[in-house]
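Okay, work_19.txt now, which holds compact mmCIF, C-alpha atoms:
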```txt
# COMPACT_ATOMS: atom_id res chain seq x y z
CA MET T 1423 40.54 -26.84 28.27
CA LYS T 1424 41.58 -25.44 24.95
CA PRO T 1425 38.76 -23.65 23.04
CA ILE T 1426 37.55 -25.32 19.86
CA PHE T 1427 37.75 -22.06 17.90
CA SER T 1428 40.29 -19.35 18.45
CA PRO T 1429 39.25 -15.66 18.22
CA THR T 1430 40.91 -15.50 14.80
CA ARG T 1431 38.92 -18.46 13.51
CA LEU T 1432 35.70 -17.04 14.95
CA PHE T 1433 36.39 -13.76 13.18
CA ILE T 1434 37.01 -15.58 9.88
CA LEU T 1435 33.83 -17.65 10.27
CA GLY T 1436 31.80 -14.55 11.07
CA PHE T 1437 33.23 -12.66 8.11
CA ALA T 1438 32.58 -15.65 5.83
CA LEU T 1439 28.96 -15.87 7.04
CA ILE T 1440 28.38 -12.18 6.32
CA LEU T 1441 29.95 -12.59 2.89
CA ILE T 1442 27.75 -15.58 2.05
CA VAL T 1443 24.59 -13.75 3.14
CA ASN T 1444 25.52 -10.72 1.02
CA VAL T 1445 26.28 -12.91 -1.99
CA ILE T 1446 22.92 -14.67 -1.68
CA ALA T 1447 21.16 -11.29 -1.43
CA LEU T 1448 23.06 -9.97 -4.46
CA VAL T 1449 22.17 -13.05 -6.51
CA GLY T 1450 18.52 -12.54 -5.58
CA VAL T 1451 18.64 -8.91 -6.69
CA MET T 1452 20.29 -9.87 -9.99
CA ALA T 1453 17.71 -12.60 -10.60
CA ASN T 1454 14.85 -10.18 -9.87
CA ARG T 1455 16.20 -7.55 -12.28
CA SER T 1456 17.19 -9.88 -15.10
CA GLY T 1457 15.11 -9.73 -18.25
CA LYS T 1458 12.18 -7.44 -18.92
CA PRO T 1459 10.55 -5.91 -15.81
CA GLU T 1460 7.21 -7.38 -14.77
CA ALA T 1461 5.83 -3.84 -14.45
CA VAL T 1462 7.09 -0.25 -14.66
CA VAL T 1463 5.04 2.51 -13.02
CA GLU T 1464 5.66 6.23 -12.48
CA PHE T 1465 4.51 7.26 -9.00
CA THR T 1466 4.45 10.71 -7.44
CA GLU T 1467 5.00 11.91 -3.88
CA ARG T 1468 1.40 10.87 -3.21
CA GLU T 1469 2.19 7.18 -3.66
CA LEU T 1470 5.84 7.10 -2.58
CA SER T 1471 6.46 9.38 0.38
CA ILE T 1472 9.53 10.33 2.36
CA PRO T 1473 9.19 8.85 5.87
CA TYR T 1474 8.50 11.24 8.73
CA TYR T 1475 11.56 10.00 10.58
CA LYS T 1476 14.86 9.84 8.71
CA MET T 1477 18.41 9.58 9.96
CA ASN T 1478 20.38 12.79 9.52
CA ASP T 1479 23.54 10.94 8.52
CA GLU T 1480 24.10 11.49 4.81
CA ASN T 1481 25.53 8.00 4.50
CA SER T 1482 22.50 6.31 6.06
CA GLY T 1483 19.96 4.60 3.85
CA LEU T 1484 16.69 6.17 2.78
CA ALA T 1485 13.57 4.22 1.83
CA LEU T 1486 10.35 5.69 0.44
CA HIS T 1487 7.07 4.44 1.89
CA LEU T 1488 4.53 2.93 -0.51
CA ASN T 1489 1.06 4.36 0.19
CA TRP T 1490 -1.83 2.17 -0.98
CA ARG T 1491 -5.51 2.01 -0.09
CA THR T 1492 -8.68 -0.04 -0.51
CA LEU T 1493 -12.29 0.85 -1.32
CA PRO T 1494 -14.65 -0.72 1.23
CA GLU T 1495 -17.89 -2.35 0.20
CA SER T 1496 -19.97 0.25 2.00
CA LYS T 1497 -20.59 3.41 0.00
CA ASP T 1498 -21.47 5.42 3.11
CA ASP T 1499 -20.39 8.87 2.00
CA SER T 1500 -19.93 10.03 5.58
CA TYR T 1501 -16.43 8.57 5.52
CA PRO T 1502 -15.03 9.01 2.01
CA TYR T 1503 -11.33 9.07 2.91
CA TYR T 1504 -10.20 5.45 2.78
CA SER T 1505 -7.22 3.62 4.21
CA ARG T 1506 -5.79 0.15 3.64
CA TRP T 1507 -7.41 -1.34 6.73
CA GLY T 1508 -10.97 -1.85 5.53
CA SER T 1509 -12.34 -4.91 3.78
CA PRO T 1510 -12.36 -4.21 0.01
CA ALA T 1511 -15.66 -4.52 -1.83
CA TRP T 1512 -14.27 -7.27 -4.08
CA PHE T 1513 -12.94 -9.45 -1.25
CA ASN T 1514 -16.04 -11.61 -0.75
CA ALA T 1515 -16.56 -15.29 0.15
CA GLN T 1516 -15.98 -16.40 -3.43
CA LYS T 1517 -12.60 -14.66 -3.57
CA LEU T 1518 -11.67 -16.14 -0.19
CA ALA T 1519 -12.45 -19.63 -1.50
CA GLU T 1520 -10.33 -19.00 -4.60
CA ILE T 1521 -7.37 -18.14 -2.38
CA GLY T 1522 -7.78 -21.33 -0.38
CA PHE T 1523 -9.87 -20.53 2.67
CA VAL T 1524 -12.35 -23.27 3.61
CA ILE T 1525 -15.78 -21.67 3.49
CA ASP T 1526 -18.59 -23.60 5.22
CA GLU T 1527 -21.22 -23.25 7.95
CA THR T 1528 -18.58 -23.51 10.68
CA THR T 1529 -16.48 -20.59 9.41
CA CYS T 1530 -18.62 -17.82 10.93
CA PRO T 1531 -21.04 -19.47 13.42
CA GLU T 1532 -23.56 -17.43 15.38
CA GLU T 1533 -21.58 -17.96 18.58
CA ASP T 1534 -18.13 -16.41 18.54
CA SER T 1535 -16.84 -19.09 20.91
CA LYS T 1536 -17.37 -21.71 18.19
CA ARG T 1537 -15.58 -19.79 15.46
CA LYS T 1538 -12.45 -21.52 14.30
CA GLU T 1539 -9.23 -19.58 13.98
CA LEU T 1540 -8.09 -19.21 10.37
CA LEU T 1541 -4.45 -18.44 9.71
CA PRO T 1542 -3.63 -15.74 7.12
CA LYS T 1543 -2.42 -16.91 3.73
CA ASP T 1544 0.17 -15.79 1.23
CA SER T 1545 -1.31 -14.34 -1.92
CA PHE T 1546 -0.57 -12.10 -4.87
CA ILE T 1547 -2.16 -8.66 -4.64
CA VAL T 1548 -3.05 -6.47 -7.63
CA LEU T 1549 -2.53 -2.73 -7.13
CA GLU T 1550 -4.08 -0.28 -9.58
CA TYR T 1551 -2.56 3.16 -10.08
CA ASP T 1552 -4.79 6.11 -10.96
CA GLY T 1553 -7.61 3.96 -12.33
CA ASP T 1554 -11.26 3.13 -11.74
CA ALA T 1555 -10.86 2.66 -7.98
CA TYR T 1556 -9.40 6.13 -7.56
CA GLN T 1557 -12.18 7.62 -9.70
CA GLU T 1558 -14.71 5.90 -7.46
CA ALA T 1559 -13.03 7.42 -4.40
CA LEU T 1560 -13.25 10.85 -6.02
CA GLN T 1561 -16.94 10.40 -6.83
CA ARG T 1562 -17.71 9.34 -3.28
CA ALA T 1563 -15.91 12.39 -1.90
CA GLU T 1564 -17.79 14.69 -4.29
CA LYS T 1565 -21.09 13.08 -3.30
CA SER T 1566 -20.26 13.56 0.36
CA LEU T 1567 -19.55 17.25 -0.20
CA ARG T 1568 -22.81 17.79 -2.12
CA LYS T 1569 -24.78 16.08 0.64
CA ALA T 1570 -23.08 18.16 3.34
CA GLU T 1571 -23.64 21.36 1.35
CA ASP T 1572 -27.35 20.65 0.88
CA ALA T 1573 -27.77 19.92 4.59
CA LEU T 1574 -25.94 23.13 5.54
CA LYS T 1575 -28.11 25.25 3.22
CA ALA T 1576 -31.19 24.02 5.09
CA ASN T 1577 -29.73 25.09 8.45
CA GLU T 1578 -26.73 27.39 8.05
CA LYS T 1579 -26.33 28.08 11.78
CA ASP T 1580 -25.97 24.43 12.80
CA LYS T 1581 -22.41 23.93 14.12
CA ASP T 1582 -22.35 20.18 13.42
CA LEU T 1583 -23.43 20.74 9.82
CA GLN T 1584 -20.76 23.43 9.41
CA ASP T 1585 -18.11 21.02 10.67
CA ARG T 1586 -19.40 18.26 8.40
CA PHE T 1587 -19.25 20.56 5.38
CA LYS T 1588 -15.71 21.65 6.26
CA GLY T 1589 -14.62 18.03 6.71
CA ALA T 1590 -16.14 16.99 3.40
CA SER T 1591 -14.41 19.91 1.65
CA ASN T 1592 -11.06 18.95 3.14
CA ASN T 1593 -11.56 15.31 2.18
CA LEU T 1594 -12.32 16.20 -1.43
CA GLU T 1595 -9.29 18.51 -1.60
CA ALA T 1596 -7.11 15.70 -0.23
CA GLU T 1597 -8.49 13.21 -2.76
CA ARG T 1598 -7.77 15.61 -5.59
CA ASN T 1599 -4.34 16.82 -4.52
CA SER T 1600 -2.56 14.67 -1.95
CA ALA T 1601 -4.19 11.27 -1.33
CA SER T 1602 -2.64 8.17 -2.86
CA ARG T 1603 -4.14 6.97 -6.14
CA LEU T 1604 -2.84 3.44 -5.60
CA PHE T 1605 -5.58 0.93 -4.70
CA ALA T 1606 -5.61 -2.81 -4.07
CA ILE T 1607 -8.23 -4.19 -6.45
CA ASP T 1608 -7.77 -7.98 -6.61
CA ALA T 1609 -5.92 -10.97 -5.19
CA GLY T 1610 -5.14 -14.53 -6.23
CA LEU T 1611 -2.72 -17.43 -6.07
CA ASP T 1612 -1.64 -17.39 -9.72
CA ALA T 1613 0.34 -14.31 -10.76
CA GLY T 1614 0.17 -15.33 -14.43
CA LYS T 1615 -3.63 -15.41 -14.46
CA LEU T 1616 -3.79 -12.08 -12.67
CA ARG T 1617 -1.48 -10.55 -15.27
CA GLN T 1618 -3.72 -11.86 -18.05
CA ARG T 1619 -6.67 -10.20 -16.33
CA TYR T 1620 -4.74 -6.93 -15.88
CA PRO T 1621 -2.34 -6.68 -18.83
CA ASP T 1622 -1.39 -2.98 -18.57
CA ARG T 1623 2.03 -3.13 -16.89
CA SER T 1624 2.20 0.67 -16.46
CA LYS T 1625 -1.02 0.73 -14.45
CA PHE T 1626 -1.36 -2.60 -12.63
CA ILE T 1627 1.26 -3.97 -10.23
CA ILE T 1628 1.35 -7.52 -8.91
CA MET T 1629 2.95 -7.89 -5.48
CA ARG T 1630 3.26 -10.58 -2.85
CA GLY T 1631 1.15 -10.07 0.22
CA ILE T 1632 -0.74 -11.65 3.10
CA VAL T 1633 -4.52 -11.91 3.27
CA GLY T 1634 -6.90 -12.93 6.01
CA LEU T 1635 -10.54 -13.73 6.71
CA GLU T 1636 -12.77 -11.91 9.16
CA CYS T 1637 -16.33 -12.46 10.36
CA ARG T 1638 -18.51 -9.39 10.62
CA PHE T 1639 -22.11 -8.57 11.51
CA ALA T 1640 -24.23 -6.95 8.79
CA LYS T 1641 -27.97 -6.86 8.14
CA ASN T 1642 -28.72 -8.98 11.22
CA LYS T 1643 -26.45 -11.83 10.15
CA LYS T 1644 -22.80 -12.73 10.19
CA GLU T 1645 -20.87 -12.82 6.95
CA MET T 1646 -17.33 -13.41 5.79
CA ALA T 1647 -15.03 -10.82 4.29
CA GLY T 1648 -11.40 -10.79 3.30
CA HIS T 1649 -8.81 -8.20 4.17
CA ILE T 1650 -5.23 -7.50 3.14
CA ALA T 1651 -3.07 -7.96 6.21
CA ASP T 1652 0.07 -6.67 4.55
CA ILE T 1653 2.02 -6.13 1.36
CA ARG T 1654 5.39 -7.89 1.47
CA ILE T 1655 7.42 -4.85 0.40
CA ASN T 1656 6.07 -1.51 1.63
CA LYS T 1657 9.36 0.40 1.40
CA ILE T 1658 11.62 1.01 -1.59
CA ASN T 1659 15.25 1.94 -1.10
CA VAL T 1660 16.51 5.12 -2.72
CA PRO T 1661 19.77 4.70 -4.71
CA LEU T 1662 22.68 6.71 -3.35
CA SER T 1663 22.81 8.68 -6.62
CA TYR T 1664 19.43 10.27 -5.75
CA ARG T 1665 20.13 10.93 -2.08
CA LYS T 1666 21.10 14.61 -2.54
CA LEU T 1667 17.92 15.19 -4.53
CA PHE T 1668 15.79 13.81 -1.70
CA ASP T 1669 17.72 15.78 0.88
CA SER T 1670 16.76 18.89 -1.10
CA ILE T 1671 13.13 17.72 -1.36
CA GLU T 1672 12.98 17.07 2.36
CA ALA T 1673 14.35 20.56 3.09
CA GLN T 1674 11.53 22.01 0.97
CA ASN T 1675 9.03 19.82 2.79
CA LYS T 1676 10.05 21.23 6.17
CA SER T 1677 9.60 24.79 4.89
CA LEU T 1678 5.99 24.26 3.78
CA LYS T 1679 3.27 25.75 5.97
CA ARG T 1680 0.49 23.31 5.09
CA GLY T 1681 0.97 19.85 6.52
CA HIS T 1682 -0.73 17.82 3.77
CA GLU T 1683 1.35 19.26 0.93
CA SER T 1684 4.62 17.79 -0.31
CA PRO T 1685 7.20 19.02 -2.80
CA PRO T 1686 6.46 17.45 -6.17
CA TYR T 1687 8.57 14.64 -7.55
CA ARG T 1688 8.07 11.64 -9.79
CA VAL T 1689 9.61 8.21 -9.24
CA GLN T 1690 9.83 5.51 -11.90
CA VAL T 1691 9.62 2.12 -10.17
CA ALA T 1692 10.24 -1.23 -11.84
CA TYR T 1693 9.04 -4.60 -10.54
CA GLY T 1694 11.11 -7.63 -11.44
CA SER T 1695 10.56 -11.34 -11.95
CA ARG T 1696 10.38 -11.87 -8.16
CA PHE T 1697 7.83 -9.03 -7.89
CA GLU T 1698 10.35 -6.92 -5.96
CA PRO T 1699 10.62 -3.18 -6.75
CA TRP T 1700 13.56 -0.89 -7.39
CA ILE T 1701 13.84 2.77 -8.36
CA GLN T 1702 14.95 3.45 -11.92
CA ARG T 1703 14.62 7.25 -12.06
CA VAL T 1704 13.63 10.22 -9.94
CA ASP T 1705 12.60 13.62 -11.31
CA GLU T 1706 11.35 16.81 -9.76
CA ARG T 1707 8.20 17.93 -11.50
CA LEU T 1708 5.89 20.92 -11.70
CA LYS T 1709 2.48 20.79 -10.08
```
Same coordinates, now as C-alpha cells:
Amino acid sequence: MKPIFSPTRLFILGFALILIVNVIALVGVMANRSGKPEAVVEFTERELSIPYYKMNDENSGLALHLNWRTLPESKDDSYPYYSRWGSPAWFNAQKLAEIGFVIDETTCPEEDSKRKELLPKDSFIVLEYDGDAYQEALQRAEKSLRKAEDALKANEKDKDLQDRFKGASNNLEAERNSASRLFAIDAGLDAGKLRQRYPDRSKFIIMRGIVGLECRFAKNKKEMAGHIADIRINKINVPLSYRKLFDSIEAQNKSLKRGHESPPYRVQVAYGSRFEPWIQRVDERLK
C-alpha cells in the first residue's frame, strides 16, 4: 500500500508547522511590545539572578530567574527571612471572594474529610519593588536581632542563644545586602483596577499568576487563607547582545568566597501589554 505522505511531504509539513508556530510566537512578542510599556523597573542581581545551572555553550540561551517573596500574616520574629511559599497577610477570605472563590460554611469544615477540593484560579498579581513590604521585612529582621541580643546578654554562655543571635545577625545582613526586595502585595481579576490602585509603573508590576485557597488551623479554629501558587513568567531571557557581559559576571561569581554575594549588575526590565517582560538594558554597577 502506497503511503499517504512521502518523506518529502512529511518534511515540508513539519517545516511549515515549525514556521507557523514561530510566526505566531513572533506576532505575540510584537503585540506585547507595541506601544508604551505597562511598567519599566530596574532590578539588581538580588531580584534577577543568574541560575545555578547554565549550559556552557556560548550559543545556548540564558534566562535570569525572577526572585520574589511574600510577607506572611504572622509577625513571629523568630523566622524573619521570608520566601514566596507562605500565605501573605493581605490574602484573606475577602480577597479570596473577590478573586472568585466561593466562601461559605462548607469551604473549611471541622472535618477534613468533608472539605471540598477547590481548583486554583488565574489572577493578576501585583509585585512591589523596594517598597513598604521590604521595609517591613527589614524591621522584622532588626526586631529579631534585638530580641536575640537581649536574650544573649542575660545568659552569654547559652549555646542555643548564641546560635539564635548568629542566625538573626545573618538574616539581617541578608535582608540588607542580598535578599530580594520584590514582594507580592495584592491580587485581583481586573488589571486596570489594580493599576489604578498602584499607579507607579517604576515600582509596581502587574503579572499573570495562579492563586489558591488553603484551610489552616489557628487560634483553635480553622480559617481560610490564600496563597500564590505561581507567577506565569519566572524567567526572563537575556538578549544575545548581553551574553558576554553575563559570562563575565558569572566568572566573577565563581571567584567569590562568600556564597550569598553576587557581582553587582542592574537590569532594566519592561512589561508589555500582555504583561510579559523583556530586558531593555543591562549595566554593571558599583556596590
Atom pair CA of Phe1587 in chain T + CA of Glu1571 in chain T, distance 6.0 Å
Any idea what's packed within 8 Å of Leu1616 in chain T, counting all atoms listed in the file, ignoring anything in its chain fewer than 5 positions away? Could you give it as number ranges by chain? T: 1548, 1609-1610, 1628
Option closest in space to Glu1467 in chain T, from T:Ser1602, T:Gln1557, T:Gln1516, T:Ser1566 [counting all atoms listed in the file]: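 Smallest separation from Glu1467 in chain T among the options: T:Ser1602.
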Could you check how far CA of Gly1614 in chain T sits from CA of Val1691 in chain T, in Å to one decimal?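 That distance, rounded to one decimal, is 20.3 Å.
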Report, in Å to a single decimal, how far apart CA of Cys1530 in chain T and CA of Leu1635 in chain T are. 10.0 Å
Given all atoms listed in the file as the basis, pick out the residue of T:Ile1701, T:Leu1493, T:Ala1461, T:Ala1596 nearest to Phe1513 in chain T.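 Selected residue with least distance to Phe1513 in chain T: T:Leu1493.
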Starting from the point (13.1, 3.8, 0.7), work out which residues of protein, DNA or RNA have an atom no more than 9 Å away when counting all atoms listed in the file; state them as a PyMOL selection string. chain T and resi 1470-1473+1483-1488+1656-1661
